[in-house]
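Here's entry.cif, which has mmCIF, C-alpha atoms and all ligand atoms:
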data_target
#
loop_
_atom_site.label_atom_id
_atom_site.label_comp_id
_atom_site.auth_asym_id
_atom_site.auth_seq_id
_atom_site.Cartn_x
_atom_site.Cartn_y
_atom_site.Cartn_z
CA MET A 1 45.19 -0.09 -11.81
CA SER A 2 41.63 -1.11 -11.39
CA LYS A 3 40.52 -3.41 -8.64
CA PRO A 4 39.00 -6.85 -9.23
CA ALA A 5 35.29 -7.58 -9.00
CA ILE A 6 33.24 -10.76 -9.25
CA LEU A 7 29.62 -11.53 -9.95
CA ALA A 8 28.29 -14.73 -8.37
CA LEU A 9 24.90 -16.29 -9.08
CA GLU A 10 22.84 -18.50 -6.80
CA ASP A 11 23.42 -21.45 -9.16
CA GLY A 12 27.17 -21.17 -8.50
CA THR A 13 28.12 -19.44 -11.78
CA LEU A 14 31.00 -17.02 -11.34
CA PHE A 15 32.06 -14.11 -13.57
CA ARG A 16 35.37 -12.32 -13.05
CA GLY A 17 35.78 -8.71 -14.11
CA GLU A 18 36.98 -5.37 -12.84
CA SER A 19 35.42 -2.99 -10.37
CA ILE A 20 34.09 0.26 -11.84
CA GLY A 21 32.29 1.47 -8.72
CA ALA A 22 32.57 1.35 -4.94
CA ASP A 23 34.30 -1.39 -2.92
CA GLY A 24 31.99 -3.81 -1.16
CA LEU A 25 29.44 -6.53 -1.57
CA SER A 26 25.86 -6.22 -2.78
CA ALA A 27 23.29 -8.97 -3.28
CA GLY A 28 20.04 -8.79 -5.21
CA GLU A 29 18.08 -10.21 -8.11
CA VAL A 30 20.03 -10.13 -11.39
CA VAL A 31 18.02 -8.88 -14.38
CA PHE A 32 18.97 -7.79 -17.89
CA ASN A 33 17.89 -4.57 -19.58
CA THR A 34 18.09 -4.25 -23.38
CA ALA A 35 17.84 -0.44 -23.68
CA MET A 36 20.60 1.05 -25.84
CA THR A 37 20.50 4.44 -24.15
CA GLY A 38 19.43 5.87 -20.82
CA TYR A 39 21.78 4.17 -18.36
CA GLN A 40 21.54 7.06 -15.89
CA GLU A 41 17.73 6.94 -15.83
CA ILE A 42 17.97 3.15 -15.36
CA CYS A 43 20.46 3.48 -12.48
CA THR A 44 18.24 6.05 -10.72
CA ASP A 45 14.88 4.29 -11.25
CA PRO A 46 13.69 3.31 -7.74
CA SER A 47 11.95 0.23 -9.19
CA TYR A 48 15.44 -1.31 -9.49
CA SER A 49 16.15 -1.29 -5.78
CA ARG A 50 17.50 -4.69 -4.62
CA GLN A 51 18.25 -5.60 -8.25
CA LEU A 52 21.63 -6.04 -9.95
CA VAL A 53 21.11 -4.78 -13.48
CA THR A 54 23.08 -5.94 -16.48
CA LEU A 55 22.83 -3.86 -19.64
CA THR A 56 22.99 -5.84 -22.88
CA TYR A 57 24.29 -2.82 -24.80
CA PRO A 58 28.09 -3.27 -24.69
CA HIS A 59 29.39 0.27 -24.17
CA VAL A 60 27.94 2.01 -21.17
CA GLY A 61 29.09 5.37 -19.84
CA ASN A 62 29.98 7.04 -23.16
CA THR A 63 28.17 10.28 -22.29
CA GLY A 64 28.97 10.36 -18.58
CA THR A 65 26.35 11.49 -16.08
CA ASN A 66 24.68 14.82 -15.40
CA PRO A 67 22.37 16.40 -12.80
CA VAL A 68 19.34 16.41 -15.15
CA ASP A 69 18.86 12.74 -16.10
CA GLU A 70 18.04 11.60 -12.57
CA GLU A 71 14.77 9.77 -11.93
CA ALA A 72 15.26 9.98 -8.16
CA ASP A 73 17.91 11.29 -5.83
CA GLY A 74 20.95 9.31 -7.03
CA PRO A 75 21.34 5.66 -8.03
CA GLN A 76 18.75 3.25 -6.65
CA LEU A 77 19.79 -0.12 -8.08
CA ALA A 78 21.76 -2.62 -5.98
CA GLY A 79 24.59 -2.86 -8.52
CA LEU A 80 25.49 -2.45 -12.18
CA ILE A 81 26.95 -5.09 -14.53
CA ILE A 82 28.32 -4.04 -17.91
CA ARG A 83 30.59 -5.25 -20.70
CA ASP A 84 32.72 -2.19 -21.21
CA LEU A 85 33.15 1.21 -19.59
CA PRO A 86 34.79 3.60 -22.08
CA LEU A 87 38.04 5.25 -20.99
CA ARG A 88 36.57 8.66 -21.69
CA SER A 89 33.07 10.04 -21.58
CA SER A 90 32.03 12.88 -23.80
CA SER A 91 28.93 15.07 -23.86
CA TRP A 92 28.30 18.78 -23.39
CA ARG A 93 26.15 17.78 -20.41
CA ASN A 94 28.71 15.45 -18.83
CA ALA A 95 29.38 16.38 -15.20
CA GLU A 96 30.92 13.17 -13.83
CA ASP A 97 32.15 9.94 -15.43
CA LEU A 98 29.87 6.96 -14.77
CA GLY A 99 32.54 5.16 -12.74
CA GLU A 100 33.13 8.19 -10.48
CA TYR A 101 29.39 8.74 -10.17
CA LEU A 102 28.81 5.14 -8.98
CA ALA A 103 31.88 5.00 -6.71
CA SER A 104 31.14 8.31 -4.97
CA ARG A 105 27.58 7.17 -4.25
CA GLY A 106 28.57 3.78 -2.88
CA VAL A 107 27.30 1.61 -5.74
CA VAL A 108 29.22 -1.57 -6.55
CA ALA A 109 29.61 -2.25 -10.25
CA ILE A 110 31.46 -4.70 -12.45
CA ALA A 111 32.72 -4.38 -16.03
CA GLY A 112 34.62 -6.65 -18.37
CA ILE A 113 32.37 -9.70 -18.15
CA ASP A 114 30.58 -11.52 -20.97
CA THR A 115 27.16 -9.92 -20.58
CA ARG A 116 25.82 -11.93 -23.54
CA ARG A 117 26.55 -15.18 -21.71
CA LEU A 118 24.97 -13.78 -18.54
CA THR A 119 21.85 -12.65 -20.43
CA ARG A 120 21.43 -16.05 -22.12
CA LEU A 121 21.71 -17.73 -18.74
CA LEU A 122 19.01 -15.44 -17.27
CA ARG A 123 16.74 -16.04 -20.27
CA GLU A 124 17.10 -19.80 -19.92
CA LYS A 125 17.01 -20.20 -16.15
CA GLY A 126 15.01 -17.09 -15.27
CA ALA A 127 16.10 -14.15 -13.10
CA GLN A 128 18.74 -15.30 -10.60
CA ASP A 129 19.69 -14.01 -7.22
CA GLY A 130 23.29 -12.85 -7.29
CA CYS A 131 26.03 -10.88 -5.63
CA ILE A 132 28.68 -8.44 -6.82
CA MET A 133 31.84 -8.28 -4.73
CA ALA A 134 34.44 -5.60 -5.52
CA GLY A 135 37.63 -4.40 -3.85
CA ASP A 136 41.28 -5.30 -3.32
CA THR A 137 40.48 -8.93 -2.61
CA VAL A 138 37.43 -10.91 -3.65
CA ASP A 139 36.20 -14.19 -2.21
CA PRO A 140 34.17 -16.34 -4.66
CA ASP A 141 32.83 -18.72 -2.00
CA ALA A 142 31.55 -15.84 0.13
CA ALA A 143 29.98 -14.17 -2.93
CA ILE A 144 28.19 -17.38 -3.98
CA GLN A 145 26.96 -17.80 -0.40
CA ALA A 146 25.66 -14.19 -0.35
CA ALA A 147 23.85 -14.84 -3.64
CA LYS A 148 22.22 -17.95 -2.16
CA ASP A 149 21.30 -16.09 1.04
CA PHE A 150 19.43 -13.30 -0.78
CA PRO A 151 15.80 -14.01 0.10
CA GLY A 152 14.43 -13.18 -3.39
CA LEU A 153 11.99 -10.45 -4.38
CA LYS A 154 8.89 -12.63 -4.16
CA GLY A 155 6.94 -11.60 -1.09
CA MET A 156 9.12 -8.51 -0.51
CA ASP A 157 7.35 -5.19 0.13
CA LEU A 158 9.83 -2.49 -0.94
CA ALA A 159 7.29 0.23 -1.79
CA GLN A 160 7.10 1.66 1.71
CA SER A 161 10.87 2.03 2.04
CA ALA A 162 11.22 3.51 -1.49
CA SER A 163 8.49 6.08 -0.74
CA THR A 164 8.80 9.67 0.46
CA ASP A 165 8.56 10.37 4.21
CA THR A 166 6.81 13.68 3.72
CA ILE A 167 4.02 15.13 1.59
CA TYR A 168 5.26 17.58 -1.07
CA GLU A 169 3.98 19.54 -4.07
CA TRP A 170 5.42 19.10 -7.59
CA ARG A 171 4.89 21.65 -10.36
CA LYS A 172 7.90 21.21 -12.68
CA GLY A 173 7.25 20.11 -16.25
CA SER A 174 9.56 18.47 -18.76
CA TRP A 175 12.72 20.18 -19.78
CA ASN A 176 12.72 20.97 -23.48
CA LEU A 177 15.90 21.87 -25.29
CA ASP A 178 14.00 23.13 -28.35
CA LEU A 179 12.47 25.75 -26.09
CA GLY A 180 15.85 26.41 -24.49
CA ARG A 181 14.82 24.91 -21.16
CA ALA A 182 17.41 22.75 -19.47
CA ASP A 183 15.16 22.83 -16.42
CA ALA A 184 11.53 23.69 -16.95
CA GLY A 185 11.09 25.48 -13.63
CA GLU A 186 7.85 25.68 -11.68
CA ARG A 187 4.64 26.15 -13.66
CA ALA A 188 2.11 28.81 -12.69
CA ASP A 189 -1.33 27.99 -11.23
CA ALA A 190 -3.02 29.11 -14.45
CA ASP A 191 -1.23 26.30 -16.33
CA LEU A 192 -2.27 23.66 -13.81
CA PRO A 193 -6.06 23.44 -13.60
CA TRP A 194 -6.16 19.91 -12.11
CA HIS A 195 -5.06 18.68 -8.72
CA VAL A 196 -3.71 15.13 -8.70
CA VAL A 197 -2.60 13.24 -5.58
CA ALA A 198 0.19 10.81 -6.45
CA TYR A 199 1.01 7.85 -4.23
CA ASP A 200 4.78 7.44 -4.15
CA TYR A 201 5.79 3.76 -4.08
CA GLY A 202 9.21 4.68 -5.55
CA ILE A 203 8.10 7.21 -8.15
CA LYS A 204 10.13 8.20 -11.23
CA GLN A 205 10.30 11.96 -11.53
CA ASN A 206 9.48 11.95 -15.23
CA ILE A 207 5.98 10.80 -14.33
CA LEU A 208 5.59 13.93 -12.20
CA ARG A 209 6.94 16.13 -15.03
CA MET A 210 4.52 14.57 -17.49
CA LEU A 211 1.54 15.04 -15.17
CA VAL A 212 2.52 18.73 -14.96
CA ASP A 213 2.86 18.89 -18.79
CA HIS A 214 -0.76 17.70 -18.89
CA GLY A 215 -2.02 20.45 -16.61
CA CYS A 216 -1.84 18.70 -13.24
CA ARG A 217 -0.55 20.22 -10.03
CA VAL A 218 0.68 17.20 -8.09
CA THR A 219 0.68 16.48 -4.36
CA VAL A 220 2.96 13.51 -3.70
CA VAL A 221 2.05 11.43 -0.64
CA PRO A 222 3.78 8.56 1.22
CA ALA A 223 2.86 4.98 0.32
CA LYS A 224 0.98 4.38 3.57
CA THR A 225 -1.25 7.48 3.43
CA PRO A 226 -4.81 6.34 4.24
CA ALA A 227 -7.43 6.87 1.52
CA ALA A 228 -9.47 9.14 3.83
CA GLU A 229 -6.55 11.57 4.08
CA VAL A 230 -6.32 11.71 0.29
CA GLN A 231 -10.08 12.12 -0.08
CA ALA A 232 -9.92 15.06 2.34
CA MET A 233 -7.67 16.83 -0.22
CA ASP A 234 -10.55 16.55 -2.72
CA PRO A 235 -8.29 15.59 -5.65
CA ASP A 236 -9.47 15.70 -9.26
CA GLY A 237 -7.58 12.44 -9.77
CA VAL A 238 -5.27 10.00 -8.00
CA PHE A 239 -2.15 8.40 -9.37
CA PHE A 240 -0.46 5.15 -8.25
CA SER A 241 3.26 5.07 -9.05
CA ASN A 242 5.79 2.52 -10.17
CA GLY A 243 7.97 0.99 -7.48
CA PRO A 244 10.20 -1.90 -6.46
CA GLY A 245 9.33 -5.31 -5.04
CA ASP A 246 6.30 -7.59 -5.05
CA PRO A 247 2.87 -5.88 -5.15
CA GLU A 248 1.12 -8.66 -3.24
CA PRO A 249 2.34 -7.90 0.31
CA CYS A 250 1.45 -4.17 -0.06
CA ASP A 251 -1.93 -4.61 1.66
CA TYR A 252 -2.08 -0.96 2.86
CA ALA A 253 -1.79 0.23 -0.77
CA ILE A 254 -4.30 -2.30 -2.11
CA GLU A 255 -6.83 -1.20 0.52
CA ALA A 256 -6.36 2.55 -0.12
CA ILE A 257 -6.61 2.04 -3.90
CA ARG A 258 -9.79 -0.02 -3.51
CA THR A 259 -11.40 2.73 -1.43
CA LEU A 260 -10.43 5.56 -3.80
CA VAL A 261 -11.44 3.66 -6.95
CA ASP A 262 -14.75 2.58 -5.40
CA ALA A 263 -15.41 6.22 -4.48
CA GLY A 264 -15.24 7.05 -8.21
CA VAL A 265 -12.13 9.26 -8.16
CA PRO A 266 -10.37 9.09 -11.58
CA SER A 267 -7.39 6.76 -11.09
CA PHE A 268 -4.29 5.97 -13.13
CA GLY A 269 -1.57 3.45 -12.23
CA ILE A 270 1.81 2.72 -13.78
CA CYS A 271 3.76 -0.53 -13.35
CA LEU A 272 3.62 -1.36 -9.61
CA GLY A 273 0.60 0.99 -9.51
CA HIS A 274 -0.94 -1.09 -12.32
CA GLN A 275 -0.34 -4.33 -10.43
CA LEU A 276 -1.84 -2.82 -7.26
CA LEU A 277 -4.95 -1.63 -9.14
CA GLY A 278 -5.29 -5.17 -10.48
CA LEU A 279 -5.05 -6.65 -6.98
CA ALA A 280 -7.44 -4.02 -5.58
CA SER A 281 -9.92 -5.01 -8.31
CA GLY A 282 -9.74 -8.72 -7.41
CA ALA A 283 -7.13 -9.98 -9.90
CA ARG A 284 -3.96 -11.98 -9.10
CA SER A 285 -0.32 -11.07 -9.64
CA VAL A 286 2.41 -13.50 -10.68
CA LYS A 287 6.23 -13.45 -10.75
CA MET A 288 7.52 -13.67 -14.32
CA LYS A 289 10.44 -15.82 -15.47
CA PHE A 290 12.82 -12.94 -16.25
CA GLY A 291 10.45 -10.02 -16.66
CA HIS A 292 10.57 -7.17 -19.13
CA HIS A 293 13.36 -4.59 -18.89
CA GLY A 294 14.10 -2.50 -21.96
CA ALA A 295 13.12 0.42 -24.13
CA ASN A 296 11.94 -1.36 -27.29
CA HIS A 297 9.10 -3.67 -26.26
CA PRO A 298 6.16 -3.90 -28.68
CA VAL A 299 2.78 -3.71 -26.97
CA GLN A 300 -0.54 -3.98 -28.77
CA ASP A 301 -3.45 -1.75 -27.91
CA LEU A 302 -6.46 -4.07 -28.00
CA ASP A 303 -9.02 -1.36 -28.87
CA SER A 304 -7.24 0.17 -31.86
CA GLY A 305 -5.06 -2.79 -32.87
CA ARG A 306 -2.11 -0.38 -32.95
CA VAL A 307 1.34 -1.46 -31.87
CA MET A 308 3.29 0.86 -29.58
CA ILE A 309 7.00 0.54 -28.80
CA SER A 310 7.33 0.91 -25.07
CA SER A 311 9.73 1.23 -22.18
CA GLN A 312 9.43 -1.66 -19.70
CA ASN A 313 10.73 -2.58 -16.27
CA HIS A 314 8.87 -5.24 -14.36
CA GLY A 315 9.36 -8.71 -12.93
CA PHE A 316 5.78 -9.25 -11.73
CA ALA A 317 2.60 -9.08 -13.83
CA VAL A 318 -1.18 -9.17 -13.46
CA ASP A 319 -2.50 -12.54 -14.60
CA GLU A 320 -5.03 -11.89 -17.36
CA ALA A 321 -6.87 -15.14 -16.59
CA SER A 322 -7.68 -13.79 -13.13
CA LEU A 323 -9.40 -10.56 -14.26
CA PRO A 324 -12.90 -10.18 -12.84
CA ALA A 325 -15.83 -9.21 -15.10
CA ASN A 326 -15.52 -5.48 -14.35
CA VAL A 327 -11.91 -5.29 -15.54
CA ARG A 328 -11.13 -5.17 -19.25
CA PRO A 329 -7.69 -6.00 -20.72
CA THR A 330 -6.52 -3.04 -22.83
CA GLN A 331 -2.97 -3.88 -23.97
CA ARG A 332 -0.83 -6.99 -24.38
CA SER A 333 2.90 -7.57 -24.82
CA LEU A 334 3.78 -8.83 -28.29
CA PHE A 335 6.87 -10.51 -26.86
CA ASP A 336 5.06 -13.01 -24.66
CA GLY A 337 1.35 -12.16 -24.76
CA SER A 338 1.34 -11.05 -21.12
CA LEU A 339 -1.14 -8.45 -19.90
CA GLN A 340 0.03 -4.83 -20.27
CA GLY A 341 -2.98 -2.73 -19.38
CA ILE A 342 -6.41 -2.79 -17.74
CA HIS A 343 -9.43 -0.52 -17.53
CA ARG A 344 -12.28 -0.82 -15.06
CA THR A 345 -15.67 -0.96 -16.79
CA ASP A 346 -17.56 0.36 -13.74
CA ARG A 347 -15.18 3.15 -12.60
CA PRO A 348 -12.91 5.77 -14.21
CA ALA A 349 -9.78 3.76 -13.36
CA PHE A 350 -7.07 2.30 -15.59
CA SER A 351 -3.43 1.32 -15.56
CA PHE A 352 -0.47 0.34 -17.70
CA GLN A 353 2.29 -2.19 -16.97
CA GLY A 354 5.03 -0.50 -19.01
CA HIS A 355 6.28 3.06 -18.77
CA PRO A 356 4.32 5.77 -20.63
CA GLU A 357 6.75 8.28 -19.10
CA ALA A 358 9.61 6.50 -20.93
CA SER A 359 12.80 7.97 -19.46
CA PRO A 360 14.48 6.19 -21.03
CA GLY A 361 12.57 5.12 -24.11
CA PRO A 362 10.08 6.04 -26.81
CA HIS A 363 6.93 8.11 -26.27
CA ASP A 364 4.34 5.98 -28.09
CA VAL A 365 2.36 5.34 -24.88
CA ARG A 366 2.29 9.00 -23.81
CA PRO A 367 -1.43 9.42 -24.81
CA LEU A 368 -2.38 7.56 -21.62
CA PHE A 369 -1.68 10.77 -19.69
CA ALA A 370 -4.21 12.57 -21.91
CA HIS A 371 -6.72 9.78 -21.23
CA PHE A 372 -6.28 10.36 -17.49
CA VAL A 373 -7.04 14.06 -17.99
CA GLU A 374 -10.15 13.15 -20.04
CA LEU A 375 -11.42 11.06 -17.12
CA ILE A 376 -10.70 13.99 -14.79
CA ARG A 377 -12.63 16.41 -17.04
CA ASP A 378 -15.65 14.08 -17.15
CA TYR A 379 -15.52 13.67 -13.37
CA ARG A 380 -15.46 17.42 -12.77
CA ALA A 381 -18.17 18.06 -15.39
N1 LIG A 401 8.69 -0.54 -12.50
C1 LIG A 401 7.88 -1.03 -11.60
O1 LIG A 401 7.03 -0.36 -11.03
C2 LIG A 401 8.11 -2.47 -11.22
C3 LIG A 401 6.96 -3.10 -10.51
C4 LIG A 401 7.33 -4.37 -9.75
N2 LIG A 401 8.32 -4.09 -8.75
C5 LIG A 401 7.82 -5.43 -10.73
O2 LIG A 401 8.99 -5.75 -10.73
O3 LIG A 401 7.07 -5.95 -11.49
#
Take the structure I supplied and represent it as structure tokens, if you would.
Ligand SMILES: NC(=O)CC[C@H](N)C(=O)O
Amino acid sequence: MSKPAILALEDGTLFRGESIGADGLSAGEVVFNTAMTGYQEICTDPSYSRQLVTLTYPHVGNTGTNPVDEEADGPQLAGLIIRDLPLRSSSWRNAEDLGEYLASRGVVAIAGIDTRRLTRLLREKGAQDGCIMAGDTVDPDAAIQAAKDFPGLKGMDLAQSASTDTIYEWRKGSWNLDLGRADAGERADADLPWHVVAYDYGIKQNILRMLVDHGCRVTVVPAKTPAAEVQAMDPDGVFFSNGPGDPEPCDYAIEAIRTLVDAGVPSFGICLGHQLLGLASGARSVKMKFGHHGANHPVQDLDSGRVMISSQNHGFAVDEASLPANVRPTQRSLFDGSLQGIHRTDRPAFSFQGHPEASPGPHDVRPLFAHFVELIRDYRA
């Protein structure tokens, strides 16, 4: 018999369901994600730390979990909220059922609630702080209090705690089943002509794989690495990763990015890295009502007019109205018109708000990696 679980929101709303993960209590910001596939990549995306994620797709867990679809070392989100966990999971790659996977890694999760009602509430009221409580007994008053006590993500610097403690090299590319590679293995020097230093603010591993696919040997460095230390490595380019929390309090990152960009090193930022490049260039960031979390968001490229379907996961954004004269908007969301990309006009530096690395999601925005390599080529020529 499964144990009970409840989800409480800061406004006092209570959902009763069943526990499909660990016993315990976890508070965070509740957000909804509309992707129809990729729940393991979503659970392991470090940008979801301190967030309770509800998936609008009703059946989650059908294909179980496996050691390959991890974006970081194990689940990173604060809790998972779903409609229905299937009794059985089935896939040739399945190693562990989703419920076992979450429980054994200490993640609280709730199933059996009306996720459509929850999503409508979040759309109307905006992202809410909340709390999942799971175990033999649950206490609604305590859960509502924990939801109210969560301080909220605004003003929270989570990049430094999501980051690596040590510097390491990455040279694994994408796995490719057509080529019979379930794990691509390390690439040889001859395949990796460029050296990129990547700031880890909570990096997704598929970004590293895609940099390698584009010929980059990557040195990953902790979030607080001073710019001078990176410059001493003489990189061909620098990369600023995705990551959890509010970009604004990350003053150490904003300062390092400003120095590296001003020095003319080719620079590419994704999501939190995009917001930090914006701040380093003099723009402002804002907290959105409920953000963008999904794998089917249309984004328009302002140069070509083309529409790309993109993977998204952000709750903050760079305010287009605050862009200084040397920063050009390059993409916009077709859902709400918010800014999706910027390019410096005076430096080889650009960034994207969504996720060109997908994982999960479509690959329409992948050419941005090739653009980064073009900037690197020009810089070295
Ligand atoms: N995926 C990300 O890098 C998210 C960036 C930031 N934490 C936000 O919520 O907007």
Counting only C-alpha atoms and all ligand atoms, which protein, DNA or RNA residues come within 8 Å of ligand LIG 401 (chain A), given as a PDB file with C-alpha atoms, keeping the file's coordinate frame?
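And here is the file that came out, part21.pdb:
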ATOM      1  CA  ASP A  45      14.880   4.290 -11.250  1.00  0.00           C
ATOM      2  CA  PRO A  46      13.690   3.310  -7.740  1.00  0.00           C
ATOM      3  CA  SER A  47      11.950   0.230  -9.190  1.00  0.00           C
ATOM      4  CA  TYR A  48      15.440  -1.310  -9.490  1.00  0.00           C
ATOM      5  CA  GLY A 202       9.210   4.680  -5.550  1.00  0.00           C
ATOM      6  CA  SER A 241       3.260   5.070  -9.050  1.00  0.00           C
ATOM      7  CA  ASN A 242       5.790   2.520 -10.170  1.00  0.00           C
ATOM      8  CA  GLY A 243       7.970   0.990  -7.480  1.00  0.00           C
ATOM      9  CA  PRO A 244      10.200  -1.900  -6.460  1.00  0.00           C
ATOM     10  CA  GLY A 245       9.330  -5.310  -5.040  1.00  0.00           C
ATOM     11  CA  ASP A 246       6.300  -7.590  -5.050  1.00  0.00           C
ATOM     12  CA  PRO A 247       2.870  -5.880  -5.150  1.00  0.00           C
ATOM     13  CA  ILE A 270       1.810   2.720 -13.780  1.00  0.00           C
ATOM     14  CA  CYS A 271       3.760  -0.530 -13.350  1.00  0.00           C
ATOM     15  CA  LEU A 272       3.620  -1.360  -9.610  1.00  0.00           C
ATOM     16  CA  GLY A 273       0.600   0.990  -9.510  1.00  0.00           C
ATOM     17  CA  GLN A 275      -0.340  -4.330 -10.430  1.00  0.00           C
ATOM     18  CA  LYS A 287       6.230 -13.450 -10.750  1.00  0.00           C
ATOM     19  CA  GLY A 291      10.450 -10.020 -16.660  1.00  0.00           C
ATOM     20  CA  GLN A 312       9.430  -1.660 -19.700  1.00  0.00           C
ATOM     21  CA  ASN A 313      10.730  -2.580 -16.270  1.00  0.00           C
ATOM     22  CA  HIS A 314       8.870  -5.240 -14.360  1.00  0.00           C
ATOM     23  CA  GLY A 315       9.360  -8.710 -12.930  1.00  0.00           C
ATOM     24  CA  PHE A 316       5.780  -9.250 -11.730  1.00  0.00           C
ATOM     25  CA  ALA A 317       2.600  -9.080 -13.830  1.00  0.00           C
ATOM     26  CA  GLN A 353       2.290  -2.190 -16.970  1.00  0.00           C
ATOM     27  CA  GLY A 354       5.030  -0.500 -19.010  1.00  0.00           C
ATOM     28  CA  HIS A 355       6.280   3.060 -18.770  1.00  0.00           C
TER      29      HIS A 355
END
> Which polymer residues have any atom within 10 Å of an atom of Leu339 (chain A), counting all atoms listed in the file, with same-chain residues fewer than 4 positions away left out, as a list in words?
Replying inline: Val299, Gln300, Ala317, Val318, Asp319, Glu320, Ala321, Pro329, Thr330, Gln331, Arg332, Ser333, Leu334, Phe352 and Gln353 of chain A
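A straight line drawn from CA of Ala78 (chain A) to CA of Thr44 (chain A) is 10.5 Å long.
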> Which is closest to Gln145 (chain A) among A:Ser359, A:Gln160, A:Ser26, A:Asn296, if we use all atoms listed in the file?
Replying inline: A:Ser26
> Between A:Gly21, A:Gly126, A:Gly361, A:Pro86, which one has atoms that come closest to Met288 (chain A), using all atoms listed in the file?
Replying inline: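 Answer, going by the shortest atom-to-atom distance: A:Gly126.
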At a cut-off of 8 Å, using all atoms listed in the file, what residues contact Asn94 (chain A)? Leave out same-chain residues fewer than 4 positions from it and give the result as a compact mmCIF listing (two decimals) with C-alpha atoms, in the coordinates of the input.
# COMPACT_ATOMS: atom_id res chain seq x y z
CA THR A 63 28.17 10.28 -22.29
CA GLY A 64 28.97 10.36 -18.58
CA THR A 65 26.35 11.49 -16.08
CA ASN A 66 24.68 14.82 -15.40
CA SER A 89 33.07 10.04 -21.58
CA SER A 90 32.03 12.88 -23.80
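Distances to Ile42 (chain A) were evaluated for A:Ser281, A:Gly99, A:His293, A:Trp175 using all atoms listed in the file, and the minimum falls at A:His293.
Reported to one decimal place, the separation of CA of Glu41 (chain A) from CA of Ser91 (chain A) is 16.0 Å.
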Listed atoms of region 345-362 of chain A boxed axis-aligned with 3 Å per side, centre + edges as AutoDock Vina command-line options:
--center_x -1.5 --center_y 3.0 --center_z -19.7 --size_x 38.0 --size_y 16.5 --size_z 20.2
Using the incomplete input, complete region 338-350 of chain A to the level of N, CA and C atoms; output as a CSV table (one decimal), in the coordinates of the input.
chain,number,residue,atom,x,y,z
A,338,SER,N,1.8,-11.4,-22.5
A,338,SER,CA,1.3,-11.0,-21.1
A,338,SER,C,0.6,-9.7,-21.1
A,339,LEU,N,-0.2,-9.6,-20.0
A,339,LEU,CA,-1.1,-8.4,-19.9
A,339,LEU,C,-0.3,-7.2,-19.7
A,340,GLN,N,-0.7,-6.1,-20.4
A,340,GLN,CA,0.0,-4.8,-20.3
A,340,GLN,C,-0.8,-3.7,-19.8
A,341,GLY,N,-2.2,-3.9,-19.8
A,341,GLY,CA,-3.0,-2.7,-19.4
A,341,GLY,C,-4.4,-3.2,-19.0
A,342,ILE,N,-5.0,-2.5,-18.1
A,342,ILE,CA,-6.4,-2.8,-17.7
A,342,ILE,C,-7.2,-1.5,-17.6
A,343,HIS,N,-8.5,-1.6,-17.8
A,343,HIS,CA,-9.4,-0.5,-17.5
A,343,HIS,C,-10.6,-1.1,-16.8
A,344,ARG,N,-11.1,-0.4,-15.7
A,344,ARG,CA,-12.3,-0.8,-15.1
A,344,ARG,C,-13.5,-0.4,-15.9
A,345,THR,N,-14.5,-1.3,-16.0
A,345,THR,CA,-15.7,-1.0,-16.8
A,345,THR,C,-16.7,-0.2,-16.0
A,346,ASP,N,-16.5,-0.3,-14.6
A,346,ASP,CA,-17.6,0.4,-13.7
A,346,ASP,C,-17.1,1.6,-13.1
A,347,ARG,N,-15.8,2.0,-13.3
A,347,ARG,CA,-15.2,3.2,-12.6
A,347,ARG,C,-14.2,3.8,-13.6
A,348,PRO,N,-13.9,5.1,-13.4
A,348,PRO,CA,-12.9,5.8,-14.2
A,348,PRO,C,-11.5,5.4,-13.7
A,349,ALA,N,-11.1,4.2,-13.9
A,349,ALA,CA,-9.8,3.8,-13.4
A,349,ALA,C,-9.1,2.9,-14.4
A,350,PHE,N,-7.8,3.1,-14.6
A,350,PHE,CA,-7.1,2.3,-15.6
A,350,PHE,C,-5.6,2.3,-15.2
